[in-house]
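For reference, entry26.txt is printed below; it contains compact mmCIF, C-alpha atoms and all ligand atoms.
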```
# COMPACT_ATOMS: atom_id res chain seq x y z
CA MET A 1 -19.71 -9.08 1.08
CA ALA A 2 -17.96 -12.40 1.65
CA THR A 3 -17.49 -12.58 5.42
CA ASP A 4 -18.22 -16.27 5.80
CA THR A 5 -15.44 -17.93 7.79
CA ASP A 6 -15.34 -21.07 5.63
CA LEU A 7 -14.98 -19.00 2.50
CA GLU A 8 -12.24 -16.95 4.15
CA GLN A 9 -10.37 -20.11 5.15
CA GLN A 10 -10.60 -21.43 1.58
CA ILE A 11 -9.29 -18.18 0.16
CA LEU A 12 -6.43 -17.99 2.66
CA ALA A 13 -5.48 -21.62 1.95
CA THR A 14 -5.33 -20.78 -1.78
CA ILE A 15 -3.19 -17.71 -1.06
CA ASP A 16 -0.85 -19.69 1.22
CA LYS A 17 -0.35 -22.28 -1.50
CA TRP A 18 0.34 -19.61 -4.12
CA VAL A 19 2.78 -17.80 -1.83
CA ASP A 20 4.60 -21.03 -1.08
CA GLN A 21 4.76 -22.31 -4.66
CA GLU A 22 5.15 -19.10 -6.67
CA LEU A 23 6.39 -16.21 -4.51
CA LYS A 24 8.83 -17.85 -2.16
CA PRO A 25 11.01 -19.51 -4.82
CA ILE A 26 11.56 -16.29 -6.83
CA ALA A 27 11.59 -13.58 -4.15
CA ARG A 28 15.34 -13.33 -3.60
CA GLU A 29 16.31 -13.47 -7.27
CA PHE A 30 13.71 -10.94 -8.48
CA ASP A 31 14.42 -8.57 -5.60
CA GLN A 32 18.17 -8.66 -6.20
CA ALA A 33 17.74 -8.11 -9.94
CA ASP A 34 14.97 -5.51 -9.43
CA GLN A 35 13.08 -7.52 -12.04
CA TYR A 36 9.34 -7.08 -12.51
CA PRO A 37 7.47 -10.36 -11.77
CA GLU A 38 5.27 -10.48 -14.91
CA GLU A 39 4.15 -14.05 -14.27
CA LEU A 40 2.93 -13.20 -10.80
CA VAL A 41 0.71 -10.50 -12.29
CA GLU A 42 -1.01 -13.04 -14.53
CA GLN A 43 -1.47 -15.33 -11.53
CA MET A 44 -2.87 -12.43 -9.49
CA LYS A 45 -5.44 -11.86 -12.23
CA GLU A 46 -6.48 -15.51 -12.06
CA LEU A 47 -6.69 -15.38 -8.27
CA GLY A 48 -8.95 -12.34 -8.56
CA LEU A 49 -6.64 -10.17 -6.46
CA PHE A 50 -7.15 -7.08 -8.65
CA GLY A 51 -10.81 -7.23 -7.69
CA ALA A 52 -10.38 -8.41 -4.10
CA THR A 53 -12.38 -5.58 -2.51
CA ILE A 54 -14.46 -4.63 -5.57
CA ASP A 55 -18.16 -5.52 -5.25
CA GLU A 56 -19.26 -8.79 -6.83
CA GLU A 57 -21.79 -6.98 -9.06
CA TYR A 58 -18.79 -5.41 -10.83
CA GLY A 59 -16.90 -8.68 -11.18
CA GLY A 60 -14.81 -8.42 -8.01
CA LEU A 61 -14.51 -10.88 -5.12
CA GLY A 62 -16.31 -8.48 -2.76
CA LEU A 63 -14.07 -9.41 0.15
CA SER A 64 -14.31 -7.66 3.49
CA ALA A 65 -11.38 -5.46 4.55
CA SER A 66 -10.76 -8.01 7.28
CA THR A 67 -10.22 -10.90 4.83
CA TYR A 68 -8.30 -8.62 2.47
CA ALA A 69 -5.94 -7.60 5.29
CA LYS A 70 -5.25 -11.26 6.09
CA ILE A 71 -4.40 -11.94 2.44
CA VAL A 72 -2.00 -8.99 2.39
CA SER A 73 -0.32 -10.14 5.60
CA ARG A 74 0.12 -13.72 4.32
CA ILE A 75 1.89 -12.42 1.20
CA CYS A 76 4.10 -10.02 3.17
CA GLU A 77 5.20 -12.73 5.59
CA VAL A 78 7.27 -13.91 2.63
CA TRP A 79 7.79 -10.95 0.25
CA MET A 80 6.27 -7.52 0.62
CA ALA A 81 6.79 -6.05 -2.87
CA PRO A 82 4.19 -8.10 -4.83
CA SER A 83 1.41 -6.86 -2.54
CA GLY A 84 2.07 -3.37 -3.95
CA ILE A 85 0.99 -4.53 -7.39
CA PHE A 86 -2.64 -4.86 -6.31
CA ASN A 87 -2.78 -2.75 -3.12
CA SER A 88 -2.55 0.76 -4.58
CA HIS A 89 -4.64 -0.45 -7.53
CA LEU A 90 -7.40 -1.25 -5.04
CA ILE A 91 -7.14 2.20 -3.45
CA MET A 92 -7.86 3.65 -6.90
CA ALA A 93 -10.78 1.20 -7.22
CA SER A 94 -12.07 2.11 -3.77
CA CYS A 95 -12.14 5.82 -4.73
CA VAL A 96 -14.39 4.90 -7.68
CA GLN A 97 -16.50 2.47 -5.65
CA ARG A 98 -17.15 5.02 -2.90
CA ALA A 99 -17.26 8.32 -4.81
CA GLY A 100 -17.66 7.50 -8.52
CA THR A 101 -20.77 8.14 -10.59
CA GLU A 102 -22.86 5.12 -11.64
CA ALA A 103 -21.44 5.43 -15.16
CA GLN A 104 -17.86 5.46 -13.81
CA LYS A 105 -18.52 2.41 -11.66
CA ALA A 106 -20.08 0.52 -14.58
CA HIS A 107 -17.24 1.43 -16.94
CA PHE A 108 -14.16 1.16 -14.74
CA LEU A 109 -14.80 -1.32 -11.92
CA PRO A 110 -15.19 -4.46 -14.10
CA LYS A 111 -11.97 -3.55 -15.93
CA PHE A 112 -10.17 -2.93 -12.63
CA ALA A 113 -11.47 -6.24 -11.22
CA SER A 114 -10.18 -8.26 -14.17
CA GLY A 115 -6.85 -6.42 -14.24
CA GLU A 116 -7.46 -5.22 -17.80
CA LEU A 117 -6.98 -1.73 -16.40
CA ARG A 118 -4.61 -1.56 -13.48
CA GLY A 119 -2.52 1.02 -11.73
CA GLY A 120 -2.72 3.04 -8.55
CA ILE A 121 -2.87 6.53 -7.14
CA GLY A 122 -0.92 9.60 -8.24
CA LEU A 123 -0.76 12.04 -5.34
CA THR A 124 2.87 12.78 -4.52
CA GLU A 125 4.88 15.38 -6.42
CA PRO A 126 8.55 16.38 -6.24
CA ASP A 127 7.62 19.26 -3.88
CA ALA A 128 4.55 17.84 -2.15
CA GLY A 129 4.05 14.64 -0.18
CA SER A 130 2.60 14.98 3.32
CA ASP A 131 1.24 18.42 2.46
CA LEU A 132 -0.93 17.21 -0.41
CA GLN A 133 -2.84 20.46 -0.61
CA SER A 134 0.30 22.12 -1.97
CA ILE A 135 0.41 20.02 -5.15
CA ARG A 136 0.96 21.93 -8.40
CA THR A 137 -0.49 19.59 -11.03
CA VAL A 138 -3.26 21.54 -12.69
CA ALA A 139 -6.35 20.34 -14.60
CA ARG A 140 -7.92 23.07 -16.74
CA ARG A 141 -11.39 22.67 -18.26
CA ASP A 142 -11.38 22.69 -22.06
CA GLY A 143 -14.78 21.88 -23.61
CA ASP A 144 -15.68 18.26 -22.82
CA ASN A 145 -12.16 17.61 -21.54
CA TYR A 146 -9.75 18.69 -18.85
CA VAL A 147 -6.11 19.34 -19.78
CA ILE A 148 -3.61 18.16 -17.16
CA ASN A 149 -0.09 19.53 -16.67
CA GLY A 150 2.31 18.57 -13.89
CA THR A 151 4.70 15.94 -12.50
CA LYS A 152 4.00 13.12 -10.08
CA THR A 153 6.71 11.11 -8.37
CA TRP A 154 7.20 7.84 -6.47
CA ILE A 155 4.12 6.41 -8.17
CA SER A 156 3.76 2.67 -7.60
CA ASN A 157 2.74 0.74 -10.74
CA GLY A 158 3.54 3.91 -12.71
CA ILE A 159 5.37 2.03 -15.46
CA LYS A 160 3.59 -1.31 -15.74
CA GLY A 161 0.14 0.07 -14.93
CA ASN A 162 -2.09 1.69 -17.53
CA CYS A 163 -4.49 3.72 -15.39
CA LEU A 164 -4.03 6.09 -12.49
CA ALA A 165 -6.23 8.16 -10.17
CA VAL A 166 -4.49 11.52 -10.42
CA LEU A 167 -4.93 14.28 -7.84
CA THR A 168 -4.95 17.75 -9.41
CA LYS A 169 -5.85 21.35 -8.76
CA THR A 170 -8.87 22.45 -10.80
CA ASP A 171 -8.81 25.77 -8.95
CA PRO A 172 -5.26 26.58 -7.84
CA LEU A 173 -6.38 29.77 -6.07
CA ALA A 174 -9.20 28.21 -4.00
CA GLU A 175 -9.30 28.84 -0.25
CA PRO A 176 -9.37 26.58 1.64
CA ARG A 177 -6.99 24.85 -0.77
CA HIS A 178 -8.70 21.46 -0.70
CA LYS A 179 -11.81 22.97 -2.31
CA GLY A 180 -9.83 23.42 -5.52
CA MET A 181 -8.70 19.77 -5.74
CA SER A 182 -10.12 17.12 -8.07
CA LEU A 183 -9.34 13.48 -8.80
CA PHE A 184 -9.27 12.11 -12.36
CA LEU A 185 -9.04 8.60 -13.75
CA CYS A 186 -6.30 8.84 -16.36
CA GLU A 187 -5.54 6.07 -18.83
CA LYS A 188 -2.13 6.32 -20.40
CA GLY A 189 -2.03 8.10 -23.74
CA GLU A 190 -0.51 11.05 -25.52
CA GLY A 191 0.71 13.61 -22.98
CA PHE A 192 0.88 11.10 -20.06
CA SER A 193 4.34 9.55 -20.01
CA VAL A 194 6.90 7.95 -17.72
CA GLY A 195 9.68 10.38 -16.78
CA LYS A 196 11.91 7.76 -15.21
CA LYS A 197 12.01 4.55 -13.25
CA LEU A 198 13.18 5.28 -9.68
CA LYS A 199 15.93 3.27 -7.99
CA LYS A 200 15.16 2.13 -4.46
CA LEU A 201 16.72 0.79 -1.26
CA GLY A 202 14.03 -1.87 -1.01
CA TYR A 203 10.53 -2.65 -2.32
CA ARG A 204 12.31 -3.66 -5.48
CA ALA A 205 10.91 -5.61 -8.42
CA ILE A 206 7.81 -3.45 -8.49
CA ASP A 207 7.95 -0.21 -10.42
CA SER A 208 8.08 3.25 -8.83
CA ALA A 209 8.08 6.06 -11.32
CA GLU A 210 8.13 9.72 -11.99
CA LEU A 211 5.21 10.53 -14.30
CA ILE A 212 4.86 13.55 -16.52
CA PHE A 213 1.63 15.14 -17.73
CA GLU A 214 2.07 17.55 -20.63
CA ASP A 215 -1.18 18.91 -22.03
CA PHE A 216 -2.76 15.54 -21.31
CA ALA A 217 -6.44 15.65 -22.30
CA VAL A 218 -8.81 13.58 -20.17
CA SER A 219 -12.57 13.43 -20.66
CA ALA A 220 -14.66 15.35 -18.11
CA ASP A 221 -16.49 12.01 -17.67
CA ASN A 222 -13.38 10.79 -15.82
CA LEU A 223 -13.62 13.39 -13.05
CA ILE A 224 -14.40 11.10 -10.10
CA GLY A 225 -17.86 11.89 -8.75
CA GLY A 226 -18.50 14.30 -11.64
CA GLU A 227 -18.01 17.38 -9.45
CA GLU A 228 -14.92 19.55 -9.01
CA GLY A 229 -13.47 20.26 -5.56
CA ARG A 230 -14.00 16.83 -3.97
CA GLY A 231 -10.65 15.20 -4.78
CA PHE A 232 -8.97 15.73 -1.45
CA GLN A 233 -11.84 14.15 0.52
CA GLN A 234 -12.04 11.29 -1.99
CA VAL A 235 -8.36 10.56 -1.50
CA ALA A 236 -8.55 10.92 2.28
CA GLY A 237 -11.46 8.43 2.32
CA GLY A 238 -9.45 5.93 0.26
CA LEU A 239 -6.50 6.22 2.60
CA GLU A 240 -8.36 4.49 5.46
CA LEU A 241 -8.31 1.26 3.46
CA GLY A 242 -4.78 2.18 2.36
CA ARG A 243 -3.64 2.44 5.97
CA ILE A 244 -5.24 -0.88 6.91
CA ASN A 245 -3.40 -2.34 3.95
CA ILE A 246 -0.02 -0.90 5.02
CA ALA A 247 -0.69 -2.06 8.57
CA ALA A 248 -1.46 -5.55 7.23
CA ARG A 249 1.82 -5.52 5.35
CA GLY A 250 3.62 -4.52 8.56
CA ALA A 251 1.96 -7.24 10.63
CA GLY A 252 2.85 -9.81 7.96
CA MET A 253 6.47 -8.68 7.72
CA ALA A 254 6.80 -8.63 11.52
CA LYS A 255 5.60 -12.24 11.68
CA GLY A 256 7.73 -13.31 8.73
CA ALA A 257 10.88 -11.84 10.31
CA THR A 258 10.04 -13.54 13.62
CA ASP A 259 9.46 -16.93 11.97
CA MET A 260 12.76 -16.70 10.11
CA ALA A 261 14.65 -15.66 13.23
CA LEU A 262 13.13 -18.50 15.26
CA ALA A 263 14.03 -21.11 12.65
CA TYR A 264 17.59 -19.79 12.44
CA ALA A 265 17.96 -19.56 16.23
CA MET A 266 16.96 -23.21 16.61
CA GLU A 267 19.53 -24.29 14.04
CA ARG A 268 22.54 -22.07 14.77
CA LYS A 269 24.77 -23.34 17.56
CA THR A 270 27.24 -21.42 19.74
CA PHE A 271 28.98 -22.57 22.90
CA GLY A 272 27.58 -26.07 22.47
CA LYS A 273 23.89 -25.25 22.17
CA ALA A 274 21.34 -23.71 19.80
CA ILE A 275 21.30 -19.93 20.17
CA SER A 276 17.55 -20.22 20.94
CA GLU A 277 18.73 -21.67 24.26
CA HIS A 278 20.53 -18.44 25.17
CA GLN A 279 18.38 -16.16 27.27
CA ALA A 280 19.40 -12.98 25.41
CA ILE A 281 18.05 -14.49 22.16
CA GLN A 282 14.94 -15.82 23.90
CA LEU A 283 14.09 -12.34 25.14
CA LYS A 284 14.32 -11.00 21.62
CA LEU A 285 12.16 -13.79 20.19
CA ALA A 286 9.52 -13.30 22.87
CA GLU A 287 9.35 -9.56 22.26
CA MET A 288 9.23 -10.02 18.49
CA SER A 289 6.39 -12.54 18.56
CA THR A 290 4.39 -10.48 21.06
CA ARG A 291 4.72 -7.32 18.98
CA ALA A 292 3.79 -9.20 15.79
CA ALA A 293 0.67 -10.65 17.44
CA ALA A 294 -0.35 -7.23 18.79
CA ALA A 295 0.10 -5.69 15.34
CA ALA A 296 -2.15 -8.34 13.79
CA LEU A 297 -4.86 -7.63 16.38
CA LEU A 298 -4.74 -3.87 15.73
CA VAL A 299 -5.07 -4.52 11.99
CA GLN A 300 -8.13 -6.69 12.54
CA GLU A 301 -9.72 -4.16 14.90
CA ALA A 302 -9.41 -1.41 12.28
CA ALA A 303 -10.56 -3.69 9.44
CA VAL A 304 -13.65 -4.89 11.31
CA LYS A 305 -14.66 -1.26 12.02
CA TYR A 306 -14.09 -0.40 8.36
CA ASP A 307 -16.33 -3.32 7.34
CA ARG A 308 -19.06 -2.06 9.67
CA ALA A 309 -18.77 1.32 7.87
CA GLU A 310 -17.82 2.93 11.19
CA ARG A 311 -15.35 5.80 11.34
CA CYS A 312 -11.93 4.20 11.80
CA ASP A 313 -9.26 6.83 11.17
CA LEU A 314 -8.00 6.48 14.75
CA GLU A 315 -7.90 2.68 14.59
CA ALA A 316 -6.43 2.56 11.07
CA GLY A 317 -3.83 5.14 12.14
CA GLN A 318 -2.91 3.18 15.27
CA ALA A 319 -2.65 -0.06 13.30
CA LYS A 320 -0.55 1.57 10.57
CA PHE A 321 1.76 3.29 13.05
CA PHE A 322 2.29 0.28 15.32
CA ALA A 323 2.48 -2.44 12.67
CA SER A 324 4.94 -0.52 10.47
CA GLU A 325 7.23 0.34 13.38
CA THR A 326 6.99 -3.31 14.48
CA ALA A 327 8.02 -4.50 11.01
CA VAL A 328 11.12 -2.28 11.23
CA GLN A 329 11.97 -3.35 14.79
CA ASN A 330 11.41 -7.06 14.15
CA SER A 331 13.50 -6.95 10.96
CA LEU A 332 16.32 -5.31 12.91
CA ASP A 333 16.05 -7.79 15.79
CA ALA A 334 16.03 -10.66 13.29
CA MET A 335 19.20 -9.21 11.74
CA ARG A 336 20.84 -9.36 15.19
CA ILE A 337 19.80 -12.98 15.59
CA PHE A 338 21.20 -13.90 12.18
CA GLY A 339 24.55 -12.37 13.15
CA GLY A 340 26.98 -11.98 10.25
CA TYR A 341 24.73 -13.93 7.88
CA SER A 342 22.13 -11.16 8.18
CA TYR A 343 24.37 -9.15 5.87
CA SER A 344 24.34 -11.77 3.16
CA PRO A 345 21.87 -11.77 0.26
CA GLU A 346 22.02 -15.58 0.59
CA TYR A 347 19.44 -15.14 3.36
CA GLU A 348 16.08 -13.42 3.04
CA ILE A 349 16.27 -11.32 6.19
CA GLU A 350 18.27 -8.47 4.65
CA ARG A 351 15.36 -7.88 2.23
CA PHE A 352 12.96 -7.47 5.16
CA TYR A 353 15.38 -4.97 6.69
CA ARG A 354 15.41 -2.95 3.44
CA ASP A 355 11.68 -3.28 2.70
CA ALA A 356 10.22 -2.50 6.13
CA PRO A 357 11.08 1.24 6.44
CA LEU A 358 8.85 2.07 3.48
CA LEU A 359 5.85 1.17 5.64
CA CYS A 360 6.68 4.07 7.98
CA ILE A 361 6.55 6.47 5.00
CA GLY A 362 3.71 5.37 2.68
CA GLU A 363 0.00 6.27 3.12
CA GLY A 364 0.90 9.09 5.50
CA THR A 365 4.20 9.06 7.37
CA ASN A 366 4.20 7.86 10.96
CA GLU A 367 4.74 11.44 12.14
CA ILE A 368 1.51 12.45 10.38
CA GLN A 369 -0.14 9.25 11.61
CA ARG A 370 0.49 10.17 15.23
CA MET A 371 -1.02 13.60 14.62
CA ILE A 372 -4.16 11.97 13.17
CA ILE A 373 -4.41 9.61 16.14
CA ALA A 374 -4.05 12.45 18.66
CA LYS A 375 -6.56 14.68 16.84
CA GLN A 376 -9.10 11.85 16.90
CA MET A 377 -8.42 11.19 20.57
CA VAL A 378 -9.19 14.84 21.34
CA ALA A 379 -12.26 14.88 19.06
CA ARG A 380 -13.71 11.72 20.56
CA ALA A 381 -13.07 12.91 24.10
CA GLY A 382 -14.70 16.31 23.43
C1 LIG A 401 8.58 3.22 -2.63
C2 LIG A 401 7.57 4.31 -2.53
C3 LIG A 401 6.32 4.14 -3.11
C4 LIG A 401 5.39 5.18 -3.10
N1 LIG A 401 4.21 5.03 -3.76
C5 LIG A 401 3.38 6.11 -3.92
C6 LIG A 401 2.23 6.04 -4.77
O1 LIG A 401 1.91 5.00 -5.35
N2 LIG A 401 1.49 7.17 -4.93
C7 LIG A 401 1.79 8.35 -4.32
O2 LIG A 401 1.09 9.32 -4.52
N3 LIG A 401 2.88 8.44 -3.50
C8 LIG A 401 3.69 7.37 -3.29
N4 LIG A 401 4.80 7.47 -2.48
C9 LIG A 401 5.12 8.73 -1.84
C10 LIG A 401 4.83 8.75 -0.35
O3 LIG A 401 3.43 8.69 -0.13
C11 LIG A 401 5.46 10.03 0.22
O4 LIG A 401 6.87 9.85 0.16
C12 LIG A 401 5.00 10.31 1.63
O5 LIG A 401 3.66 10.73 1.63
C13 LIG A 401 5.85 11.40 2.32
O6 LIG A 401 5.96 12.53 1.52
P1 LIG A 401 7.41 13.16 1.23
O7 LIG A 401 8.31 12.07 0.81
O8 LIG A 401 7.21 14.32 0.33
O9 LIG A 401 7.93 13.67 2.64
P2 LIG A 401 7.63 15.09 3.32
O10 LIG A 401 6.19 15.37 3.31
O11 LIG A 401 8.53 16.09 2.71
O12 LIG A 401 8.09 14.80 4.80
C14 LIG A 401 9.46 14.77 5.20
C15 LIG A 401 9.51 14.51 6.71
O13 LIG A 401 8.84 15.56 7.42
C16 LIG A 401 7.80 15.01 8.23
N5 LIG A 401 6.67 15.94 8.25
C17 LIG A 401 6.03 16.49 7.17
N6 LIG A 401 5.05 17.30 7.60
C18 LIG A 401 5.05 17.24 8.96
C19 LIG A 401 4.27 17.83 9.99
N7 LIG A 401 3.25 18.64 9.70
N8 LIG A 401 4.57 17.55 11.28
C20 LIG A 401 5.58 16.72 11.58
N9 LIG A 401 6.35 16.11 10.66
C21 LIG A 401 6.09 16.36 9.38
C22 LIG A 401 7.45 13.69 7.56
O14 LIG A 401 6.84 12.80 8.48
C23 LIG A 401 8.82 13.21 7.12
O15 LIG A 401 9.48 12.66 8.23
C24 LIG A 401 5.70 6.40 -2.42
C25 LIG A 401 6.94 6.55 -1.79
C26 LIG A 401 7.87 5.54 -1.84
C27 LIG A 401 9.21 5.74 -1.18
```
How does the structure come out when it is put into structure tokens?
Amino acid sequence: MATDTDLEQQILATIDKWVDQELKPIAREFDQADQYPEELVEQMKELGLFGATIDEEYGGLGLSASTYAKIVSRICEVWMAPSGIFNSHLIMASCVQRAGTEAQKAHFLPKFASGELRGGIGLTEPDAGSDLQSIRTVARRDGDNYVINGTKTWISNGIKGNCLAVLTKTDPLAEPRHKGMSLFLCEKGEGFSVGKKLKKLGYRAIDSAELIFEDFAVSADNLIGGEEGRGFQQVAGGLELGRINIAARGAGMAKGATDMALAYAMERKTFGKAISEHQAIQLKLAEMSTRAAAAALLVQEAAVKYDRAERCDLEAGQAKFFASETAVQNSLDAMRIFGGYSYSPEYEIERFYRDAPLLCIGEGTNEIQRMIIAKQMVARAG
């Protein structure tokens, strides 16, 4: 695991340069046009981002969650959407890395690391999001295969990706329900198709899709872990890294919004002085920067625990909850500071305002997050 500080600094310097030279110049145009950034994907492959947290023995960079979180934040300081291209892909990879059989690791992880196979996680359905145990997608054993039928929705990378970890019911009647759930690695093919591309308020340019499985045959070798009934736990385990990743996005966006607001406040003049000289604006800036710094610290606390293989659902939940709410609040405060120009697509801040609320929804809504935090508080106190 690459935890060396010098190495981390080198990686972050490379990411900063890439963000500055490649992301920043196209963000506004691609977001407005909801255009997929194909070139960025090729650059992400070269940077090794599709293998950021995959072990080096499988061709990944083997980065710690702590370094990974910093990379995600640096990207999201400028434009959040591109981080989604490799983030949910790495949750899929982490499910294989933690719970896959040796054969699955040897087959899939090198292809995930190179970006030859890329995608994400297929959990949500039209009638099931937070209550994942009520999903209806079914996988029925048929000889050496399973046959999958069902519909998934809101799936990130669902159109441009070619592989997905799909949560199914292998025993729809099981009690408790999670014992009948299994996770499959599904490469696109006959019976696995895109229903439609979904339009969105924000988080544009990357694809969110409804996906349809109609008698889709997948080899039993692709059942993660090789044993039915473990899918729910496998997904829940992957969501810890997922929550650190969403928290890192939030911390990055909160800082990005603050930086933009500060720069604007120092330039914009009213009543003969820069608005940064008005106390009402100063109070906002101070609160924004303090919240952004606190969010970054919570992210690092959770990531360091994750790297030590310690239980971190409380810390990841706190980081996700606080950093995402901070991204929303700081985007709104930045809008206030930008005044009328906040409403113009000529400035970047309106994108932050549209992108940030997603962070309160994805990887477990913030309502669910608070329940997880409280449950852990009670468990740890007991
Ligand atoms: C842009 C985007 C990208 C996404 N990407 C993916 C992806 O790649 N893969 C994937 O599988 N999913 C993805 N999702 C789906 C996302 O994970 C779900 O939207 C989320 O889990 C919430 O589920 P839901 O929308 O069904 O809301 P619901 O579960 O219906 O919740 C509705 C409201 O009720 C609240 N609520 C629900 N249960 C409780 C409770 N017990 N107590 C208190 N409040 C409760 C929720 O917090 C929320 O406020 C994505 C969504 C979006 C918008």
Could you tell me, counting only C-alpha atoms and all ligand atoms, which protein and nucleic acid residues lie no more than 9 Å from ligand LIG 401 (chain A), written as a PDB file with C-alpha atoms, in the coordinates of the input?
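This went into result-v6.pdb:
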```pdb
ATOM      1  CA  GLY A  84       2.070  -3.370  -3.950  1.00  0.00           C
ATOM      2  CA  SER A  88      -2.550   0.760  -4.580  1.00  0.00           C
ATOM      3  CA  HIS A  89      -4.640  -0.450  -7.530  1.00  0.00           C
ATOM      4  CA  GLY A 119      -2.520   1.020 -11.730  1.00  0.00           C
ATOM      5  CA  GLY A 120      -2.720   3.040  -8.550  1.00  0.00           C
ATOM      6  CA  ILE A 121      -2.870   6.530  -7.140  1.00  0.00           C
ATOM      7  CA  GLY A 122      -0.920   9.600  -8.240  1.00  0.00           C
ATOM      8  CA  LEU A 123      -0.760  12.040  -5.340  1.00  0.00           C
ATOM      9  CA  THR A 124       2.870  12.780  -4.520  1.00  0.00           C
ATOM     10  CA  GLU A 125       4.880  15.380  -6.420  1.00  0.00           C
ATOM     11  CA  PRO A 126       8.550  16.380  -6.240  1.00  0.00           C
ATOM     12  CA  ASP A 127       7.620  19.260  -3.880  1.00  0.00           C
ATOM     13  CA  ALA A 128       4.550  17.840  -2.150  1.00  0.00           C
ATOM     14  CA  GLY A 129       4.050  14.640  -0.180  1.00  0.00           C
ATOM     15  CA  SER A 130       2.600  14.980   3.320  1.00  0.00           C
ATOM     16  CA  ASP A 131       1.240  18.420   2.460  1.00  0.00           C
ATOM     17  CA  LEU A 132      -0.930  17.210  -0.410  1.00  0.00           C
ATOM     18  CA  LYS A 152       4.000  13.120 -10.080  1.00  0.00           C
ATOM     19  CA  THR A 153       6.710  11.110  -8.370  1.00  0.00           C
ATOM     20  CA  TRP A 154       7.200   7.840  -6.470  1.00  0.00           C
ATOM     21  CA  ILE A 155       4.120   6.410  -8.170  1.00  0.00           C
ATOM     22  CA  SER A 156       3.760   2.670  -7.600  1.00  0.00           C
ATOM     23  CA  ASN A 157       2.740   0.740 -10.740  1.00  0.00           C
ATOM     24  CA  GLY A 158       3.540   3.910 -12.710  1.00  0.00           C
ATOM     25  CA  VAL A 166      -4.490  11.520 -10.420  1.00  0.00           C
ATOM     26  CA  LEU A 167      -4.930  14.280  -7.840  1.00  0.00           C
ATOM     27  CA  LEU A 198      13.180   5.280  -9.680  1.00  0.00           C
ATOM     28  CA  LYS A 200      15.160   2.130  -4.460  1.00  0.00           C
ATOM     29  CA  LEU A 201      16.720   0.790  -1.260  1.00  0.00           C
ATOM     30  CA  GLY A 202      14.030  -1.870  -1.010  1.00  0.00           C
ATOM     31  CA  TYR A 203      10.530  -2.650  -2.320  1.00  0.00           C
ATOM     32  CA  ARG A 204      12.310  -3.660  -5.480  1.00  0.00           C
ATOM     33  CA  ILE A 206       7.810  -3.450  -8.490  1.00  0.00           C
ATOM     34  CA  ASP A 207       7.950  -0.210 -10.420  1.00  0.00           C
ATOM     35  CA  SER A 208       8.080   3.250  -8.830  1.00  0.00           C
ATOM     36  CA  ALA A 209       8.080   6.060 -11.320  1.00  0.00           C
ATOM     37  CA  ASP A 355      11.680  -3.280   2.700  1.00  0.00           C
ATOM     38  CA  LEU A 358       8.850   2.070   3.480  1.00  0.00           C
ATOM     39  CA  LEU A 359       5.850   1.170   5.640  1.00  0.00           C
ATOM     40  CA  CYS A 360       6.680   4.070   7.980  1.00  0.00           C
ATOM     41  CA  ILE A 361       6.550   6.470   5.000  1.00  0.00           C
ATOM     42  CA  GLY A 362       3.710   5.370   2.680  1.00  0.00           C
ATOM     43  CA  GLU A 363       0.000   6.270   3.120  1.00  0.00           C
ATOM     44  CA  GLY A 364       0.900   9.090   5.500  1.00  0.00           C
ATOM     45  CA  THR A 365       4.200   9.060   7.370  1.00  0.00           C
ATOM     46  CA  ASN A 366       4.200   7.860  10.960  1.00  0.00           C
ATOM     47  CA  GLU A 367       4.740  11.440  12.140  1.00  0.00           C
ATOM     48  CA  ILE A 368       1.510  12.450  10.380  1.00  0.00           C
ATOM     49  CA  GLN A 369      -0.140   9.250  11.610  1.00  0.00           C
ATOM     50  CA  MET A 371      -1.020  13.600  14.620  1.00  0.00           C
TER      51      MET A 371
END
```
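Atom CA of A:Asp259 lies 17.3 Å from atom CA of A:His278.
Between atom CA of A:Thr168 and atom CA of A:Thr137 the separation is 5.1 Å.
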Cut-off 12 Å around (-15.3, -16.2, 5.9) with only C-alpha atoms: residues as a PyMOL selection string: chain A and resi 1-13+62-68+70
Mind writing the picked residues with C-alpha atoms as a PDB file, keeping the file's coordinate frame?
```pdb
ATOM      1  CA  MET A   1     -19.710  -9.080   1.080  1.00  0.00           C
ATOM      2  CA  ALA A   2     -17.960 -12.400   1.650  1.00  0.00           C
ATOM      3  CA  THR A   3     -17.490 -12.580   5.420  1.00  0.00           C
ATOM      4  CA  ASP A   4     -18.220 -16.270   5.800  1.00  0.00           C
ATOM      5  CA  THR A   5     -15.440 -17.930   7.790  1.00  0.00           C
ATOM      6  CA  ASP A   6     -15.340 -21.070   5.630  1.00  0.00           C
ATOM      7  CA  LEU A   7     -14.980 -19.000   2.500  1.00  0.00           C
ATOM      8  CA  GLU A   8     -12.240 -16.950   4.150  1.00  0.00           C
ATOM      9  CA  GLN A   9     -10.370 -20.110   5.150  1.00  0.00           C
ATOM     10  CA  GLN A  10     -10.600 -21.430   1.580  1.00  0.00           C
ATOM     11  CA  ILE A  11      -9.290 -18.180   0.160  1.00  0.00           C
ATOM     12  CA  LEU A  12      -6.430 -17.990   2.660  1.00  0.00           C
ATOM     13  CA  ALA A  13      -5.480 -21.620   1.950  1.00  0.00           C
ATOM     14  CA  GLY A  62     -16.310  -8.480  -2.760  1.00  0.00           C
ATOM     15  CA  LEU A  63     -14.070  -9.410   0.150  1.00  0.00           C
ATOM     16  CA  SER A  64     -14.310  -7.660   3.490  1.00  0.00           C
ATOM     17  CA  ALA A  65     -11.380  -5.460   4.550  1.00  0.00           C
ATOM     18  CA  SER A  66     -10.760  -8.010   7.280  1.00  0.00           C
ATOM     19  CA  THR A  67     -10.220 -10.900   4.830  1.00  0.00           C
ATOM     20  CA  TYR A  68      -8.300  -8.620   2.470  1.00  0.00           C
ATOM     21  CA  LYS A  70      -5.250 -11.260   6.090  1.00  0.00           C
TER      22      LYS A  70
END
```
